[in-house]
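Peer 1: The file below is model-v4.cif, mmCIF, C-alpha atoms and all ligand atoms:
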data_my_file
loop_
_atom_site.label_atom_id
_atom_site.label_comp_id
_atom_site.auth_asym_id
_atom_site.auth_seq_id
_atom_site.Cartn_x
_atom_site.Cartn_y
_atom_site.Cartn_z
CA MET A 171 104.50 87.92 98.75
CA GLY A 172 105.67 84.39 99.62
CA ARG A 173 108.80 82.68 98.40
CA SER A 174 108.64 84.22 94.89
CA GLY A 175 108.51 87.71 96.35
CA ARG A 176 111.42 87.05 98.70
CA LYS A 177 113.44 85.69 95.80
CA ALA A 178 112.68 88.76 93.64
CA VAL A 179 113.92 91.04 96.42
CA ALA A 180 117.06 88.94 96.94
CA ASP A 181 117.72 88.68 93.16
CA HIS A 182 117.14 92.31 92.18
CA LEU A 183 117.58 94.62 95.16
CA PRO A 184 121.38 94.47 95.55
CA ARG A 185 121.81 95.39 91.85
CA LEU A 186 119.11 98.11 91.92
CA ARG A 187 120.68 99.66 95.01
CA SER A 188 123.96 100.23 93.20
CA GLU A 189 122.63 100.90 89.67
CA TRP A 190 120.08 103.47 90.82
CA ARG A 191 122.32 104.72 93.66
CA LEU A 192 119.60 104.28 96.26
CA ASP A 193 120.24 105.93 99.63
CA PHE A 194 117.43 104.19 101.46
CA VAL A 195 115.13 101.26 100.75
CA VAL A 196 111.87 100.38 102.47
CA VAL A 197 110.30 96.97 101.85
CA ASN A 198 106.77 96.10 102.93
CA GLY A 199 107.22 92.55 104.13
CA GLU A 200 103.92 91.66 105.69
CA ASN A 201 103.02 88.66 103.52
CA ALA A 202 106.50 87.43 102.66
CA THR A 203 106.10 84.33 104.84
CA ASN A 204 103.82 81.95 102.95
CA GLY A 205 101.42 84.80 102.21
CA MET A 206 100.68 85.30 105.92
CA GLY A 207 102.64 87.84 107.90
CA LEU A 208 106.40 87.84 108.23
CA SER A 209 108.70 85.62 110.30
CA GLY A 210 111.80 86.92 112.03
CA ASP A 211 114.03 84.89 109.69
CA HIS A 212 112.37 86.22 106.58
CA ALA A 213 112.57 89.79 107.90
CA LYS A 214 116.29 89.19 108.34
CA GLY A 215 116.52 87.94 104.74
CA LEU A 216 114.86 91.10 103.39
CA LEU A 217 117.19 93.29 105.46
CA GLU A 218 120.24 91.30 104.31
CA ALA A 219 119.12 91.70 100.68
CA GLY A 220 119.39 95.47 101.07
CA ALA A 221 116.28 96.80 102.80
CA ASP A 222 117.04 99.51 105.37
CA CYS A 223 113.56 99.22 106.86
CA VAL A 224 110.82 96.58 106.70
CA THR A 225 107.21 97.59 107.28
CA LEU A 226 104.42 95.19 108.26
CA GLY A 227 100.63 95.75 108.11
CA ASP A 228 97.32 94.33 109.34
CA HIS A 229 98.96 90.86 109.35
CA ALA A 230 101.93 92.13 111.38
CA PHE A 231 101.83 89.33 113.94
CA ASP A 232 100.37 86.42 111.93
CA GLN A 233 103.78 84.78 112.44
CA LYS A 234 104.07 84.55 116.21
CA ASP A 235 107.83 85.03 116.36
CA MET A 236 107.42 88.57 114.98
CA MET A 237 106.37 89.59 118.51
CA GLN A 238 109.99 89.03 119.60
CA ALA A 239 111.70 89.86 116.28
CA ILE A 240 110.22 93.37 116.17
CA GLU A 241 111.54 94.09 119.67
CA GLN A 242 115.00 92.79 118.73
CA ASP A 243 115.40 94.62 115.41
CA GLN A 244 114.37 98.26 115.33
CA ARG A 245 114.46 98.31 111.53
CA ILE A 246 111.07 96.55 111.54
CA ILE A 247 108.06 98.90 111.75
CA ARG A 248 104.44 97.93 112.45
CA PRO A 249 101.41 100.21 111.97
CA ILE A 250 101.13 103.02 114.53
CA ASN A 251 97.45 102.21 115.08
CA PHE A 252 97.70 98.37 115.06
CA ALA A 253 96.56 97.91 118.66
CA LYS A 254 97.24 99.47 122.01
CA GLY A 255 100.07 97.57 123.66
CA ALA A 256 101.31 95.93 120.42
CA PRO A 257 105.03 95.16 120.54
CA GLY A 258 107.46 97.20 118.46
CA ARG A 259 107.04 100.71 117.09
CA GLY A 260 104.94 102.45 114.45
CA TYR A 261 107.59 104.90 113.31
CA ARG A 262 111.31 105.47 113.66
CA LEU A 263 114.01 107.91 112.66
CA PHE A 264 116.65 106.04 110.62
CA ASP A 265 120.22 107.02 109.78
CA ALA A 266 120.89 107.45 106.06
CA PRO A 267 124.17 108.11 104.22
CA GLY A 268 125.76 111.53 104.64
CA GLY A 269 124.52 112.02 108.20
CA ARG A 270 120.95 112.44 107.02
CA LYS A 271 117.89 111.12 108.84
CA ILE A 272 114.81 109.48 107.36
CA LEU A 273 111.58 109.00 109.24
CA VAL A 274 109.49 105.96 108.29
CA ALA A 275 105.96 105.58 109.65
CA GLN A 276 103.24 103.08 108.87
CA VAL A 277 99.53 103.56 109.46
CA LEU A 278 96.46 101.38 108.83
CA GLY A 279 93.30 102.58 107.11
CA GLN A 280 89.77 101.71 108.19
CA VAL A 281 87.72 101.17 105.02
CA PHE A 282 87.05 97.50 104.09
CA MET A 283 89.58 96.24 106.66
CA LYS A 284 88.72 93.06 108.57
CA ARG A 285 89.41 94.53 111.99
CA PRO A 286 88.45 98.03 113.18
CA PHE A 287 91.56 100.17 113.61
CA ASP A 288 91.85 103.61 115.18
CA ASP A 289 91.53 106.65 112.95
CA PRO A 290 94.72 106.80 110.83
CA PHE A 291 94.61 110.58 110.39
CA SER A 292 94.75 111.35 114.10
CA ALA A 293 97.32 108.54 114.51
CA ILE A 294 99.78 110.08 112.01
CA GLU A 295 99.18 113.71 113.08
CA PRO A 296 101.51 113.83 116.13
CA VAL A 297 104.27 112.10 114.14
CA LEU A 298 104.06 114.69 111.35
CA LYS A 299 103.80 117.52 113.84
CA SER A 300 106.93 116.48 115.74
CA HIS A 301 108.94 115.97 112.50
CA PRO A 302 108.46 119.01 110.27
CA PRO A 303 109.98 118.59 106.78
CA GLY A 304 113.52 119.93 106.56
CA GLY A 305 113.88 119.69 110.34
CA ARG A 306 115.30 116.68 112.17
CA ALA A 307 114.47 114.40 109.24
CA GLN A 308 115.60 115.08 105.69
CA ALA A 309 112.85 112.78 104.37
CA ILE A 310 109.58 111.47 105.78
CA ILE A 311 107.99 108.32 104.39
CA VAL A 312 104.43 107.29 105.28
CA ASP A 313 103.29 103.77 104.37
CA MET A 314 99.47 103.90 104.26
CA HIS A 315 98.41 100.27 104.55
CA CYS A 316 94.79 99.80 103.52
CA GLU A 317 92.31 98.60 100.97
CA ALA A 318 90.48 101.65 99.62
CA THR A 319 92.13 103.86 96.99
CA SER A 320 90.02 106.80 98.19
CA GLU A 321 91.29 106.54 101.77
CA LYS A 322 94.89 106.38 100.54
CA MET A 323 94.40 109.46 98.35
CA ALA A 324 92.86 111.32 101.28
CA MET A 325 95.92 110.43 103.38
CA GLY A 326 98.19 111.64 100.57
CA HIS A 327 96.50 115.05 100.59
CA TYR A 328 96.36 115.11 104.41
CA CYS A 329 100.16 114.72 104.49
CA ASP A 330 100.83 116.95 101.46
CA GLY A 331 103.69 119.31 102.23
CA ARG A 332 104.41 117.48 105.51
CA ALA A 333 105.76 114.15 104.20
CA SER A 334 108.20 113.37 101.39
CA LEU A 335 106.16 110.35 100.33
CA VAL A 336 102.83 108.72 101.04
CA VAL A 337 102.74 105.28 99.49
CA GLY A 338 99.92 102.77 99.72
CA THR A 339 100.42 99.08 100.41
CA HIS A 340 98.13 96.10 101.13
CA THR A 341 96.17 95.51 97.89
CA HIS A 342 99.12 93.76 96.16
CA VAL A 343 98.03 95.48 92.93
CA PRO A 344 100.16 98.42 91.75
CA THR A 345 98.47 101.62 90.63
CA ALA A 346 99.75 103.95 87.88
CA ASP A 347 99.27 107.32 89.58
CA ALA A 348 102.78 108.12 90.86
CA GLN A 349 102.97 111.91 91.18
CA VAL A 350 104.18 114.81 93.27
CA LEU A 351 101.17 116.40 95.02
CA PRO A 352 100.73 120.23 94.89
CA LYS A 353 102.58 120.95 98.16
CA GLY A 354 105.48 118.59 97.45
CA THR A 355 104.60 115.14 98.77
CA GLY A 356 105.41 112.20 96.47
CA TYR A 357 102.44 109.89 96.18
CA LEU A 358 101.44 106.46 94.84
CA THR A 359 98.09 104.87 95.71
CA ASP A 360 99.56 101.36 95.87
CA ALA A 361 103.11 100.14 95.37
CA GLY A 362 101.89 96.66 94.37
CA MET A 363 103.54 93.46 95.50
CA CYS A 364 106.81 91.75 94.90
CA GLY A 365 105.12 88.55 93.80
CA ASP A 366 103.90 86.35 90.96
CA TYR A 367 101.22 88.27 89.03
CA ASP A 368 99.91 85.07 87.38
CA SER A 369 97.80 84.69 90.52
CA VAL A 370 94.96 86.21 92.52
CA ILE A 371 96.79 88.93 94.49
CA GLY A 372 99.78 86.63 94.84
CA MET A 373 97.94 83.44 95.78
CA ASP A 374 97.90 80.41 93.49
CA LYS A 375 94.80 81.21 91.43
CA ALA A 376 92.96 77.84 91.62
CA GLU A 377 91.60 78.08 95.19
CA PRO A 378 90.57 81.78 95.17
CA MET A 379 88.84 81.23 91.82
CA ARG A 380 87.04 78.17 93.18
CA ARG A 381 85.82 80.14 96.20
CA PHE A 382 84.59 83.03 94.06
CA ILE A 383 82.87 80.75 91.55
CA THR A 384 81.40 78.09 93.84
CA GLY A 385 81.55 79.63 97.33
CA MET A 386 82.98 76.31 98.53
CA PRO A 387 86.53 76.27 99.95
CA LYS A 388 88.46 73.09 99.17
CA SER A 389 92.01 73.79 100.28
CA ARG A 390 94.17 76.47 101.85
CA PHE A 391 95.46 79.50 99.99
CA THR A 392 99.08 79.05 98.95
CA PRO A 393 101.32 81.67 97.32
CA ALA A 394 101.85 81.40 93.56
CA LEU A 395 105.38 80.26 92.82
CA GLY A 396 106.08 81.69 89.34
CA GLU A 397 108.62 84.44 88.71
CA ALA A 398 107.78 87.53 90.71
CA THR A 399 107.73 91.14 89.60
CA LEU A 400 109.41 93.49 92.06
CA SER A 401 106.98 96.45 92.27
CA GLY A 402 107.36 99.73 94.07
CA ILE A 403 108.13 103.41 93.83
CA TYR A 404 111.38 105.28 93.25
CA LEU A 405 111.58 108.68 94.94
CA GLU A 406 113.98 111.60 94.81
CA THR A 407 113.78 114.30 97.47
CA ASP A 408 115.29 117.69 98.28
CA ASP A 409 117.27 117.30 101.55
CA ARG A 410 116.72 120.95 102.44
CA THR A 411 112.92 120.95 102.23
CA GLY A 412 112.13 117.24 102.58
CA LYS A 413 109.91 117.53 99.52
CA ALA A 414 109.71 115.12 96.60
CA THR A 415 111.32 116.17 93.35
CA ARG A 416 110.62 113.02 91.34
CA THR A 417 108.56 109.85 91.63
CA LYS A 418 108.47 106.86 89.33
CA MET A 419 106.78 103.50 89.62
CA ILE A 420 109.08 100.50 89.46
CA ARG A 421 108.32 97.09 87.95
CA VAL A 422 111.26 94.73 87.54
CA GLY A 423 111.14 91.13 86.31
CA GLY A 424 108.25 88.73 85.87
CA ARG A 425 105.06 89.54 83.97
CA LEU A 426 104.96 93.30 84.68
CA GLU A 427 108.59 94.05 83.79
CA GLN A 428 109.10 97.71 82.78
CA ALA A 429 112.01 100.13 82.61
CA GLY A 430 113.40 101.51 85.90
CA PRO A 431 114.26 105.14 86.75
FE FE B 501 97.78 93.96 104.58
#
Now that the file is in, can you turn its structure into structure tokens?
Peer 2:
Amino acid sequence: MGRSGRKAVADHLPRLRSEWRLDFVVVNGENATNGMGLSGDHAKGLLEAGADCVTLGDHAFDQKDMMQAIEQDQRIIRPINFAKGAPGRGYRLFDAPGGRKILVAQVLGQVFMKRPFDDPFSAIEPVLKSHPPGGRAQAIIVDMHCEATSEKMAMGHYCDGRASLVVGTHTHVPTADAQVLPKGTGYLTDAGMCGDYDSVIGMDKAEPMRRFITGMPKSRFTPALGEATLSGIYLETDDRTGKATRTKMIRVGGRLEQAGP
């Protein structure tokens, strides 16, 4: 989320990668450019800081140059069901250390979203079907980008036993329900943002508060610039089965600082 979020990723991720011996890192980058989408340059910055894959969201193309950037760098993933004919791809098989493969897919929910998107369950189905756990991919990560906690939980159970992880993004607020579902899928309703939590979902709090209280906009939303907390989920999987063996929420730095794995 904005400059603070980019700085938190650049400051912490290289250290976390080596301290926690991370094989693969996915960063949701959709609002890293001034709180609106992601520019090609900022995507590059997240990848250089240690992300192996950057996912987008409903604001995938708010920054116009992402239309080209996503075609040039296959490590950037947009939602499968963003729009017919959207540039880029909604999922990809990535190389991970030790000759292993990791599938990352992103899908948009429908509840309380500003634009109507196609059904996320039928959008993810062929991807899961063509990549059974323990087959071509040693791990399968589904980023469920949407507003409603209920829809994310339903997606978690829909993918249970067929994905290594279903993790929600989009609300910017982390939830505390990291768990391994009954058939072996790691799950977290929302990873939260890498951003300044002294804010209204990452925006400087004055203008959103004014709009809620008075209904009268006065200025544009701008990202809050205080120290960000890097939020997310840590996942361990079994290469043989593709199932999750451990999940833990992560909050590093800023106001929500907590211990890591
Ligand atoms: Fe979003």
Peer 1: Return the single residue from A:Lys353, A:Arg176, A:His229, A:Lys418 that is closest to ligand FE 501 (chain B), with distances computed using only C-alpha atoms and all ligand atoms.
Peer 2: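 Smallest distance to ligand FE 501 (chain B) is found for A:His229.
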Peer 1: Residues contacting ligand FE 501 (chain B) - anything with an atom at most 7 Å away, using all atoms listed in the file - can you give me those as number ranges by chain?
Peer 2: A: 200, 227-229, 315-316, 340
Peer 1: Might you pull out every residue within 6 Å of Ser174 of chain A, with all atoms listed in the file counted and same-chain residues fewer than 2 positions away left off, and present them as number ranges by chain?
Peer 2: A: 172, 176-177, 365, 395, 398
Peer 1: Any chance you can output those residues with C-alpha atoms as a compact mmCIF listing (two decimals), in the frame of the given file?
Peer 2:
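As written to disk, result10.txt reads:
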# COMPACT_ATOMS: atom_id res chain seq x y z
CA GLY A 172 105.67 84.39 99.62
CA ARG A 176 111.42 87.05 98.70
CA LYS A 177 113.44 85.69 95.80
CA GLY A 365 105.12 88.55 93.80
CA LEU A 395 105.38 80.26 92.82
CA ALA A 398 107.78 87.53 90.71
Peer 1: As a list in words, please: the residues near Thr411 of chain A (cut-off 9 Å, all atoms listed in the file, same-chain neighbours under 4 positions excluded).
Peer 2: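 Everything that qualifies: Pro303, Gly304, Gly305, Gln308, Ala309, Ser334 and Thr407 of chain A.
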Peer 1: With a distance cut-off of 8 Å and all atoms listed in the file, select the neighbouring residues of Asp330 of chain A, excluding the residue or stretch itself and same-chain residues fewer than 5 positions from it, and output the selection as a VMD selection string.
Peer 2: chain A and resid 351 to 355
Peer 1: Between atom CA of Pro184 of chain A and atom CA of Ile272 of chain A, what is the distance, to one decimal in Å?
Peer 2: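 Between these atoms lies a distance of 20.2 Å.
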Peer 1: Could you work out how far atom CA of Thr225 of chain A lies from atom CA of Glu406 of chain A, giving the answer in Å with one decimal?
Peer 2: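 Separation between atom CA of Glu406 of chain A and atom CA of Thr225 of chain A: 19.9 Å.
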Peer 1: Pick the closest to Thr319 of chain A from A:Met386, A:Leu335, A:Asp360, A:Pro296: which is it, counting only C-alpha atoms?
Peer 2: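 Among the listed residues, the smallest separation from Thr319 of chain A belongs to A:Asp360.
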Peer 1: What does the distance from atom CA of Val197 of chain A to atom CA of Asp408 of chain A come to in Å, to one decimal?
Peer 2: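 Separating atom CA of Val197 of chain A from atom CA of Asp408 of chain A is a distance of 21.6 Å.
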Peer 1: Where atoms are missing, can you supply N, CA and C atoms for segment 388-422 of chain A and output the lot as a PDB file, in the frame of the given file?
Peer 2:
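Final output, saved to selection01.pdb:
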ATOM      1  N   LYS A 388      88.027  74.482  99.262  1.00  0.00           N
ATOM      2  CA  LYS A 388      88.460  73.090  99.170  1.00  0.00           C
ATOM      3  C   LYS A 388      89.827  72.897  99.818  1.00  0.00           C
ATOM      4  N   SER A 389      90.673  73.906  99.681  1.00  0.00           N
ATOM      5  CA  SER A 389      92.010  73.790 100.280  1.00  0.00           C
ATOM      6  C   SER A 389      92.450  75.152 100.785  1.00  0.00           C
ATOM      7  N   ARG A 390      93.646  75.206 101.333  1.00  0.00           N
ATOM      8  CA  ARG A 390      94.170  76.470 101.850  1.00  0.00           C
ATOM      9  C   ARG A 390      94.709  77.318 100.712  1.00  0.00           C
ATOM     10  N   PHE A 391      94.775  78.619 100.950  1.00  0.00           N
ATOM     11  CA  PHE A 391      95.460  79.500  99.990  1.00  0.00           C
ATOM     12  C   PHE A 391      96.956  79.250 100.093  1.00  0.00           C
ATOM     13  N   THR A 392      97.614  79.151  98.945  1.00  0.00           N
ATOM     14  CA  THR A 392      99.080  79.050  98.950  1.00  0.00           C
ATOM     15  C   THR A 392      99.632  80.057  97.944  1.00  0.00           C
ATOM     16  N   PRO A 393     100.768  80.675  98.240  1.00  0.00           N
ATOM     17  CA  PRO A 393     101.320  81.670  97.320  1.00  0.00           C
ATOM     18  C   PRO A 393     101.662  81.058  95.955  1.00  0.00           C
ATOM     19  N   ALA A 394     101.435  81.821  94.902  1.00  0.00           N
ATOM     20  CA  ALA A 394     101.850  81.400  93.560  1.00  0.00           C
ATOM     21  C   ALA A 394     103.370  81.409  93.488  1.00  0.00           C
ATOM     22  N   LEU A 395     103.925  80.451  92.758  1.00  0.00           N
ATOM     23  CA  LEU A 395     105.380  80.260  92.820  1.00  0.00           C
ATOM     24  C   LEU A 395     106.115  80.631  91.531  1.00  0.00           C
ATOM     25  N   GLY A 396     105.413  81.252  90.573  1.00  0.00           N
ATOM     26  CA  GLY A 396     106.080  81.690  89.340  1.00  0.00           C
ATOM     27  C   GLY A 396     106.981  82.884  89.601  1.00  0.00           C
ATOM     28  N   GLU A 397     107.677  83.321  88.541  1.00  0.00           N
ATOM     29  CA  GLU A 397     108.620  84.440  88.710  1.00  0.00           C
ATOM     30  C   GLU A 397     107.882  85.705  89.153  1.00  0.00           C
ATOM     31  N   ALA A 398     108.414  86.336  90.155  1.00  0.00           N
ATOM     32  CA  ALA A 398     107.780  87.530  90.710  1.00  0.00           C
ATOM     33  C   ALA A 398     108.226  88.783  89.981  1.00  0.00           C
ATOM     34  N   THR A 399     107.360  89.778  89.982  1.00  0.00           N
ATOM     35  CA  THR A 399     107.730  91.140  89.600  1.00  0.00           C
ATOM     36  C   THR A 399     107.986  91.925  90.879  1.00  0.00           C
ATOM     37  N   LEU A 400     109.131  92.591  90.933  1.00  0.00           N
ATOM     38  CA  LEU A 400     109.410  93.490  92.060  1.00  0.00           C
ATOM     39  C   LEU A 400     108.733  94.823  91.726  1.00  0.00           C
ATOM     40  N   SER A 401     107.748  95.215  92.532  1.00  0.00           N
ATOM     41  CA  SER A 401     106.980  96.450  92.270  1.00  0.00           C
ATOM     42  C   SER A 401     107.225  97.449  93.381  1.00  0.00           C
ATOM     43  N   GLY A 402     107.186  98.717  93.030  1.00  0.00           N
ATOM     44  CA  GLY A 402     107.360  99.730  94.070  1.00  0.00           C
ATOM     45  C   GLY A 402     107.412 101.127  93.507  1.00  0.00           C
ATOM     46  N   ILE A 403     107.991 102.016  94.271  1.00  0.00           N
ATOM     47  CA  ILE A 403     108.130 103.410  93.830  1.00  0.00           C
ATOM     48  C   ILE A 403     109.543 103.892  94.102  1.00  0.00           C
ATOM     49  N   TYR A 404     110.072 104.628  93.136  1.00  0.00           N
ATOM     50  CA  TYR A 404     111.380 105.280  93.250  1.00  0.00           C
ATOM     51  C   TYR A 404     111.113 106.750  93.541  1.00  0.00           C
ATOM     52  N   LEU A 405     111.842 107.294  94.515  1.00  0.00           N
ATOM     53  CA  LEU A 405     111.580 108.680  94.940  1.00  0.00           C
ATOM     54  C   LEU A 405     112.873 109.453  95.067  1.00  0.00           C
ATOM     55  N   GLU A 406     112.874 110.683  94.559  1.00  0.00           N
ATOM     56  CA  GLU A 406     113.980 111.600  94.810  1.00  0.00           C
ATOM     57  C   GLU A 406     113.441 112.768  95.631  1.00  0.00           C
ATOM     58  N   THR A 407     114.247 113.206  96.600  1.00  0.00           N
ATOM     59  CA  THR A 407     113.780 114.300  97.470  1.00  0.00           C
ATOM     60  C   THR A 407     114.833 115.402  97.564  1.00  0.00           C
ATOM     61  N   ASP A 408     114.406 116.559  98.009  1.00  0.00           N
ATOM     62  CA  ASP A 408     115.290 117.690  98.280  1.00  0.00           C
ATOM     63  C   ASP A 408     115.604 117.647  99.784  1.00  0.00           C
ATOM     64  N   ASP A 409     116.881 117.440 100.136  1.00  0.00           N
ATOM     65  CA  ASP A 409     117.270 117.300 101.550  1.00  0.00           C
ATOM     66  C   ASP A 409     116.903 118.537 102.370  1.00  0.00           C
ATOM     67  N   ARG A 410     116.940 119.684 101.728  1.00  0.00           N
ATOM     68  CA  ARG A 410     116.720 120.950 102.440  1.00  0.00           C
ATOM     69  C   ARG A 410     115.257 121.117 102.871  1.00  0.00           C
ATOM     70  N   THR A 411     114.349 120.733 101.958  1.00  0.00           N
ATOM     71  CA  THR A 411     112.920 120.950 102.230  1.00  0.00           C
ATOM     72  C   THR A 411     112.185 119.676 102.620  1.00  0.00           C
ATOM     73  N   GLY A 412     112.796 118.520 102.344  1.00  0.00           N
ATOM     74  CA  GLY A 412     112.130 117.240 102.580  1.00  0.00           C
ATOM     75  C   GLY A 412     111.070 116.923 101.551  1.00  0.00           C
ATOM     76  N   LYS A 413     110.973 117.756 100.508  1.00  0.00           N
ATOM     77  CA  LYS A 413     109.910 117.530  99.520  1.00  0.00           C
ATOM     78  C   LYS A 413     110.372 116.637  98.377  1.00  0.00           C
ATOM     79  N   ALA A 414     109.402 116.018  97.721  1.00  0.00           N
ATOM     80  CA  ALA A 414     109.710 115.120  96.600  1.00  0.00           C
ATOM     81  C   ALA A 414     110.024 115.945  95.369  1.00  0.00           C
ATOM     82  N   THR A 415     111.036 115.503  94.618  1.00  0.00           N
ATOM     83  CA  THR A 415     111.320 116.170  93.350  1.00  0.00           C
ATOM     84  C   THR A 415     110.997 115.263  92.174  1.00  0.00           C
ATOM     85  N   ARG A 416     110.918 113.945  92.439  1.00  0.00           N
ATOM     86  CA  ARG A 416     110.620 113.020  91.340  1.00  0.00           C
ATOM     87  C   ARG A 416     110.089 111.709  91.903  1.00  0.00           C
ATOM     88  N   THR A 417     109.055 111.181  91.261  1.00  0.00           N
ATOM     89  CA  THR A 417     108.560 109.850  91.630  1.00  0.00           C
ATOM     90  C   THR A 417     108.432 109.033  90.358  1.00  0.00           C
ATOM     91  N   LYS A 418     108.646 107.736  90.492  1.00  0.00           N
ATOM     92  CA  LYS A 418     108.470 106.860  89.330  1.00  0.00           C
ATOM     93  C   LYS A 418     108.111 105.476  89.828  1.00  0.00           C
ATOM     94  N   MET A 419     107.111 104.872  89.216  1.00  0.00           N
ATOM     95  CA  MET A 419     106.780 103.500  89.620  1.00  0.00           C
ATOM     96  C   MET A 419     107.854 102.556  89.084  1.00  0.00           C
ATOM     97  N   ILE A 420     108.054 101.475  89.817  1.00  0.00           N
ATOM     98  CA  ILE A 420     109.080 100.500  89.460  1.00  0.00           C
ATOM     99  C   ILE A 420     108.425  99.139  89.251  1.00  0.00           C
ATOM    100  N   ARG A 421     108.745  98.487  88.151  1.00  0.00           N
ATOM    101  CA  ARG A 421     108.320  97.090  87.950  1.00  0.00           C
ATOM    102  C   ARG A 421     109.456  96.341  87.281  1.00  0.00           C
ATOM    103  N   VAL A 422     110.069  95.432  88.021  1.00  0.00           N
ATOM    104  CA  VAL A 422     111.260  94.730  87.540  1.00  0.00           C
ATOM    105  C   VAL A 422     111.031  93.230  87.554  1.00  0.00           C
TER     106      VAL A 422
END
